[in-house]
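File shown: coords.cif (mmCIF, C-alpha atoms; chains and numbers go by the auth columns).
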```cif
data_entry
#
loop_
_atom_site.group_PDB
_atom_site.id
_atom_site.type_symbol
_atom_site.label_atom_id
_atom_site.label_comp_id
_atom_site.label_asym_id
_atom_site.label_seq_id
_atom_site.Cartn_x
_atom_site.Cartn_y
_atom_site.Cartn_z
_atom_site.B_iso_or_equiv
_atom_site.auth_seq_id
_atom_site.auth_asym_id
ATOM 1 C CA LEU A 1 101.669 98.961 97.424 0.00 1 A
ATOM 2 C CA ALA A 2 103.582 96.317 99.362 0.00 2 A
ATOM 3 C CA ARG A 3 106.825 98.274 98.985 0.00 3 A
ATOM 4 C CA ARG A 4 105.221 101.589 99.926 0.00 4 A
ATOM 5 C CA LEU A 5 103.693 100.135 103.076 0.00 5 A
ATOM 6 C CA GLY A 6 106.504 97.736 103.962 0.00 6 A
ATOM 7 C CA LEU A 7 104.273 94.698 103.569 0.00 7 A
ATOM 8 C CA GLY A 8 105.399 91.237 102.556 0.00 8 A
ATOM 9 C CA LEU A 9 103.800 89.745 99.469 0.00 9 A
ATOM 10 C CA LEU A 10 101.765 86.591 99.945 0.00 10 A
ATOM 11 C CA ALA A 11 100.057 85.406 96.766 0.00 11 A
ATOM 12 C CA PHE A 12 96.863 83.368 96.832 0.00 12 A
ATOM 13 C CA ALA A 13 95.566 81.265 93.952 0.00 13 A
ATOM 14 C CA GLN A 14 92.137 82.900 94.184 0.00 14 A
ATOM 15 C CA ALA A 15 90.700 85.999 95.783 0.00 15 A
ATOM 16 C CA ALA A 16 88.269 83.818 97.738 0.00 16 A
ATOM 17 C CA ALA A 17 91.196 82.166 99.514 0.00 17 A
ATOM 18 C CA ALA A 18 92.685 85.547 100.457 0.00 18 A
ATOM 19 C CA ARG A 19 89.283 86.756 101.675 0.00 19 A
ATOM 20 C CA GLN A 20 88.847 83.630 103.808 0.00 20 A
ATOM 21 C CA ALA A 21 92.361 83.982 105.252 0.00 21 A
ATOM 22 C CA VAL A 22 91.543 87.518 106.421 0.00 22 A
ATOM 23 C CA MET A 23 88.148 86.516 107.803 0.00 23 A
ATOM 24 C CA ALA A 24 89.737 83.594 109.691 0.00 24 A
ATOM 25 C CA GLY A 25 92.410 85.868 111.146 0.00 25 A
ATOM 26 C CA ASN A 26 95.269 84.043 109.413 0.00 26 A
ATOM 27 C CA ILE A 27 96.526 87.238 107.758 0.00 27 A
ATOM 28 C CA PRO A 28 95.881 90.828 108.848 0.00 28 A
ATOM 29 C CA CYS A 29 94.668 92.204 105.506 0.00 29 A
ATOM 30 C CA ALA A 30 94.340 91.496 101.795 0.00 30 A
ATOM 31 C CA MET A 31 93.898 93.545 98.669 0.00 31 A
ATOM 32 C CA LEU A 32 90.648 92.385 97.079 0.00 32 A
ATOM 33 C CA ALA A 33 88.559 93.574 94.177 0.00 33 A
ATOM 34 C CA ALA A 34 85.222 95.018 95.297 0.00 34 A
ATOM 35 C CA PRO A 35 83.187 92.116 93.842 0.00 35 A
ATOM 36 C CA GLU A 36 85.287 89.687 95.899 0.00 36 A
ATOM 37 C CA ALA A 37 84.739 91.621 99.130 0.00 37 A
ATOM 38 C CA ILE A 38 81.396 93.415 98.817 0.00 38 A
ATOM 39 C CA GLY A 39 79.278 90.703 100.446 0.00 39 A
ATOM 40 C CA ALA A 40 81.586 90.322 103.448 0.00 40 A
ATOM 41 C CA LEU A 41 81.866 94.115 103.740 0.00 41 A
ATOM 42 C CA ARG A 42 78.092 94.510 103.750 0.00 42 A
ATOM 43 C CA ASP A 43 77.732 91.683 106.291 0.00 43 A
ATOM 44 C CA GLY A 44 80.326 93.258 108.587 0.00 44 A
ATOM 45 C CA GLN A 45 82.762 90.333 108.194 0.00 45 A
ATOM 46 C CA LEU A 46 85.415 92.574 106.638 0.00 46 A
ATOM 47 C CA GLN A 47 86.328 96.201 107.151 0.00 47 A
ATOM 48 C CA ALA A 48 87.393 98.281 104.159 0.00 48 A
ATOM 49 C CA LEU A 49 90.599 100.209 104.793 0.00 49 A
ATOM 50 C CA GLY A 50 90.706 102.034 101.491 0.00 50 A
ATOM 51 C CA LEU A 51 89.842 101.821 97.831 0.00 51 A
ATOM 52 C CA ALA A 52 92.469 101.734 95.116 0.00 52 A
ATOM 53 C CA GLY A 53 90.202 103.551 92.682 0.00 53 A
ATOM 54 C CA GLU A 54 90.622 107.011 91.247 0.00 54 A
ATOM 55 C CA ARG A 55 87.564 108.163 93.198 0.00 55 A
ATOM 56 C CA ARG A 56 85.281 106.832 95.907 0.00 56 A
ATOM 57 C CA SER A 57 82.873 104.115 94.894 0.00 57 A
ATOM 58 C CA PRO A 58 79.152 104.864 94.912 0.00 58 A
ATOM 59 C CA LEU A 59 78.780 101.351 96.386 0.00 59 A
ATOM 60 C CA LEU A 60 81.005 102.201 99.376 0.00 60 A
ATOM 61 C CA PRO A 61 80.885 106.006 99.602 0.00 61 A
ATOM 62 C CA GLU A 62 82.118 106.063 103.188 0.00 62 A
ATOM 63 C CA VAL A 63 85.411 104.330 102.293 0.00 63 A
ATOM 64 C CA PRO A 64 88.184 106.752 101.323 0.00 64 A
ATOM 65 C CA THR A 65 90.521 106.112 98.432 0.00 65 A
ATOM 66 C CA LEU A 66 94.137 105.232 99.115 0.00 66 A
ATOM 67 C CA ALA A 67 95.130 108.550 97.535 0.00 67 A
ATOM 68 C CA GLU A 68 92.956 110.394 100.074 0.00 68 A
ATOM 69 C CA GLN A 69 95.000 108.643 102.755 0.00 69 A
ATOM 70 C CA GLY A 70 98.338 109.678 101.295 0.00 70 A
ATOM 71 C CA ILE A 71 99.063 106.520 99.296 0.00 71 A
ATOM 72 C CA PRO A 72 99.380 107.550 95.637 0.00 72 A
ATOM 73 C CA LEU A 73 97.973 104.367 94.144 0.00 73 A
ATOM 74 C CA ALA A 74 94.982 104.004 91.855 0.00 74 A
ATOM 75 C CA LEU A 75 94.098 100.745 90.135 0.00 75 A
ATOM 76 C CA VAL A 76 91.300 100.325 87.662 0.00 76 A
ATOM 77 C CA ALA A 77 89.880 97.063 86.362 0.00 77 A
ATOM 78 C CA ARG A 78 89.024 97.386 82.692 0.00 78 A
ATOM 79 C CA ARG A 79 86.925 94.819 80.924 0.00 79 A
ATOM 80 C CA GLY A 80 85.589 95.068 77.446 0.00 80 A
ATOM 81 C CA PHE A 81 84.602 93.410 74.243 0.00 81 A
ATOM 82 C CA ALA A 82 86.826 93.097 71.211 0.00 82 A
ATOM 83 C CA ALA A 83 86.159 92.168 67.611 0.00 83 A
ATOM 84 C CA PRO A 84 88.617 91.303 64.868 0.00 84 A
ATOM 85 C CA ALA A 85 90.140 94.261 63.066 0.00 85 A
ATOM 86 C CA GLY A 86 88.269 95.157 59.917 0.00 86 A
ATOM 87 C CA VAL A 87 84.770 94.107 61.000 0.00 87 A
ATOM 88 C CA PRO A 88 82.384 96.393 59.121 0.00 88 A
ATOM 89 C CA PRO A 89 80.710 99.084 61.244 0.00 89 A
ATOM 90 C CA ALA A 90 77.297 97.825 60.106 0.00 90 A
ATOM 91 C CA LEU A 91 77.977 94.598 62.015 0.00 91 A
ATOM 92 C CA LEU A 92 79.401 96.333 65.078 0.00 92 A
ATOM 93 C CA GLU A 93 76.711 98.973 65.551 0.00 93 A
ATOM 94 C CA PRO A 94 73.923 96.585 66.691 0.00 94 A
ATOM 95 C CA LEU A 95 76.310 94.979 69.188 0.00 95 A
ATOM 96 C CA LEU A 96 77.373 98.378 70.552 0.00 96 A
ATOM 97 C CA ARG A 97 73.745 99.495 70.906 0.00 97 A
ATOM 98 C CA ALA A 98 72.876 96.263 72.728 0.00 98 A
ATOM 99 C CA LEU A 99 75.826 96.629 75.133 0.00 99 A
ATOM 100 C CA GLN A 100 74.929 100.230 75.883 0.00 100 A
ATOM 101 C CA ALA A 101 71.291 99.260 76.457 0.00 101 A
ATOM 102 C CA ALA A 102 72.327 96.473 78.835 0.00 102 A
ATOM 103 C CA VAL A 103 74.511 98.786 80.912 0.00 103 A
ATOM 104 C CA THR A 104 71.733 101.371 81.257 0.00 104 A
ATOM 105 C CA ASP A 105 69.041 98.775 82.051 0.00 105 A
ATOM 106 C CA PRO A 106 67.923 99.334 85.684 0.00 106 A
ATOM 107 C CA GLU A 107 67.669 95.603 86.425 0.00 107 A
ATOM 108 C CA PHE A 108 71.167 94.944 85.073 0.00 108 A
ATOM 109 C CA ALA A 109 72.535 97.906 87.032 0.00 109 A
ATOM 110 C CA ALA A 110 70.924 96.656 90.250 0.00 110 A
ATOM 111 C CA GLN A 111 72.300 93.135 89.756 0.00 111 A
ATOM 112 C CA SER A 112 75.746 94.510 88.969 0.00 112 A
ATOM 113 C CA GLU A 113 75.816 96.777 91.996 0.00 113 A
ATOM 114 C CA ALA A 114 74.660 93.919 94.260 0.00 114 A
ATOM 115 C CA ARG A 115 77.713 91.997 93.076 0.00 115 A
ATOM 116 C CA GLY A 116 80.085 94.915 93.602 0.00 116 A
ATOM 117 C CA TYR A 117 80.309 96.255 90.057 0.00 117 A
ATOM 118 C CA VAL A 118 79.475 99.736 88.845 0.00 118 A
ATOM 119 C CA PRO A 119 78.468 99.238 85.211 0.00 119 A
ATOM 120 C CA ALA A 120 79.620 101.777 82.660 0.00 120 A
ATOM 121 C CA PHE A 121 79.709 101.861 78.881 0.00 121 A
ATOM 122 C CA LEU A 122 82.542 103.347 76.860 0.00 122 A
ATOM 123 C CA GLY A 123 82.203 103.251 73.112 0.00 123 A
ATOM 124 C CA GLN A 124 85.113 102.413 70.852 0.00 124 A
ATOM 125 C CA ALA A 125 86.308 106.017 70.534 0.00 125 A
ATOM 126 C CA ALA A 126 86.462 106.430 74.328 0.00 126 A
ATOM 127 C CA TRP A 127 87.716 102.897 75.067 0.00 127 A
ATOM 128 C CA ALA A 128 90.668 102.597 72.670 0.00 128 A
ATOM 129 C CA PRO A 129 92.926 105.455 73.927 0.00 129 A
ATOM 130 C CA PRO A 130 92.985 104.384 77.606 0.00 130 A
ATOM 131 C CA LEU A 131 93.523 100.774 76.554 0.00 131 A
ATOM 132 C CA ARG A 132 96.502 101.738 74.355 0.00 132 A
ATOM 133 C CA ARG A 133 97.895 103.963 77.117 0.00 133 A
ATOM 134 C CA LEU A 134 97.579 101.154 79.672 0.00 134 A
ATOM 135 C CA ALA A 135 99.318 98.658 77.386 0.00 135 A
ATOM 136 C CA SER A 136 102.164 101.108 76.849 0.00 136 A
ATOM 137 C CA GLU A 137 102.522 101.855 80.571 0.00 137 A
ATOM 138 C CA LEU A 138 102.539 98.164 81.470 0.00 138 A
ATOM 139 C CA SER A 139 105.113 97.407 78.783 0.00 139 A
ATOM 140 C CA ARG A 140 107.445 100.127 80.116 0.00 140 A
ATOM 141 C CA ARG A 141 106.926 99.022 83.697 0.00 141 A
ATOM 142 C CA TRP A 142 107.545 95.367 82.910 0.00 142 A
ATOM 143 C CA ALA A 143 110.928 96.250 81.421 0.00 143 A
ATOM 144 C CA THR A 144 112.080 97.901 84.664 0.00 144 A
ATOM 145 C CA ASP A 145 109.953 96.302 87.386 0.00 145 A
ATOM 146 C CA PRO A 146 108.528 92.879 86.494 0.00 146 A
ATOM 147 C CA TRP A 147 106.160 91.491 89.109 0.00 147 A
ATOM 148 C CA VAL A 148 107.517 87.966 88.666 0.00 148 A
ATOM 149 C CA ALA A 149 111.092 86.774 88.330 0.00 149 A
ATOM 150 C CA ARG A 150 112.314 86.895 84.749 0.00 150 A
ATOM 151 C CA GLN A 151 113.217 83.558 83.220 0.00 151 A
ATOM 152 C CA ASP A 152 115.223 84.739 80.164 0.00 152 A
#
```
For this file, write the structure as structure tokens.
Amino acid sequence: LARRLGLGLLAFAQAAAARQAVMAGNIPCAMLAAPEAIGALRDGQLQALGLAGERRSPLLPEVPTLAEQGIPLALVARRGFAAPAGVPPALLEPLLRALQAAVTDPEFAAQSEARGYVPAFLGQAAWAPPLRRLASELSRRWATDPWVARQD
């Protein structure tokens, strides 16, 4: 994104520091994850310029994606649970049911959305292919365009 927009890269140790720097007027903008910005956005302390998601967020439906604005960039945060290979399905099934129930629980969904998350459940069959694809893409990219200086 920095290269596409001609921006200099300024790294912060935490997202909160970047958010504070923007709010204080020390830097003109920062790329923040929704949970790091949602409170300040809702309070009018920050203005969203665009979302780096594949589609608009139901939490900020008025904010266009970067792609809608001609910047072909989509980033997705993926978080999940993992278990050691070979764990019997009989042990995994109760955990999977509990995770799915938590995600669909209205109270959990409301708490998540208040914090800037849109909860979703992907079972193992749906979760594994995108995770493998992402790992492969990152491995290829790292070989040609590492985001830190190589030390080898």
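Residue nearest Gln69 of chain A within the list A:Val103, A:Ser139, A:Ala83, A:Ala52: A:Ala52 [criterion: smallest interatomic distance, only C-alpha atoms].
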Mind giving me the straight-line distance from atom CA of Pro28 of chain A to atom CA of Arg141 of chain A in Å, one decimal?
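Separating atom CA of Pro28 of chain A from atom CA of Arg141 of chain A is a distance of 28.7 Å.
Put simply, atom CA of Pro130 of chain A is 9.5 Å away from atom CA of Arg78 of chain A.
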Could you tell me which of A:Leu99, A:Gly25, A:Leu5, A:Gln20 comes closest to Ile71 of chain A if we count all atoms listed in the file?
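Using all atoms listed in the file, the shortest distance to Ile71 of chain A belongs to A:Leu5.
The space between atom CA of Pro72 of chain A and atom CA of Asp43 of chain A spans 28.9 Å.
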Given the PyMOL selection byres ((chain A and resi 115) around 12), the residues it picks as a ChimeraX atom specification = /A:33-42,59,108-114,116-119
For the PyMOL selection byres ((chain A and resi 10) around 12), applied here, can you spell out every residue it catches as a ChimeraX atom specification? /A:2,7-9,11-15,17-18,21,26-31
Box in all listed atoms of segment 29-35 of chain A, axis-aligned, with 3 Å more on each side; write out centre and edge lengths in Å to one decimal as JSON.
```
{"center_x": 88.9, "center_y": 93.3, "center_z": 99.7, "size_x": 17.5, "size_y": 9.5, "size_z": 17.7}
```
Spatial neighbours of segment 134-138 of chain A, max dist 12 Å, only C-alpha atoms, sep filter under 6 positions, as a PyMOL selection string:
chain A and resi 75-78+127-128+144-147
With C-alpha atoms retained, could you export that selection as an mmCIF file, keeping the file's coordinate frame?
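Result went into out01.cif, see below:
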```
data_model
loop_
_atom_site.group_PDB
_atom_site.id
_atom_site.type_symbol
_atom_site.label_atom_id
_atom_site.label_comp_id
_atom_site.auth_asym_id
_atom_site.auth_seq_id
_atom_site.Cartn_x
_atom_site.Cartn_y
_atom_site.Cartn_z
ATOM 1 C CA LEU A 75 94.098 100.745 90.135
ATOM 2 C CA VAL A 76 91.300 100.325 87.662
ATOM 3 C CA ALA A 77 89.880 97.063 86.362
ATOM 4 C CA ARG A 78 89.024 97.386 82.692
ATOM 5 C CA TRP A 127 87.716 102.897 75.067
ATOM 6 C CA ALA A 128 90.668 102.597 72.670
ATOM 7 C CA THR A 144 112.080 97.901 84.664
ATOM 8 C CA ASP A 145 109.953 96.302 87.386
ATOM 9 C CA PRO A 146 108.528 92.879 86.494
ATOM 10 C CA TRP A 147 106.160 91.491 89.109
#
```
Neighbour residues at most 10 Å from (88.1, 101.1, 99.3) (all atoms listed in the file) as a count of residues only = 22
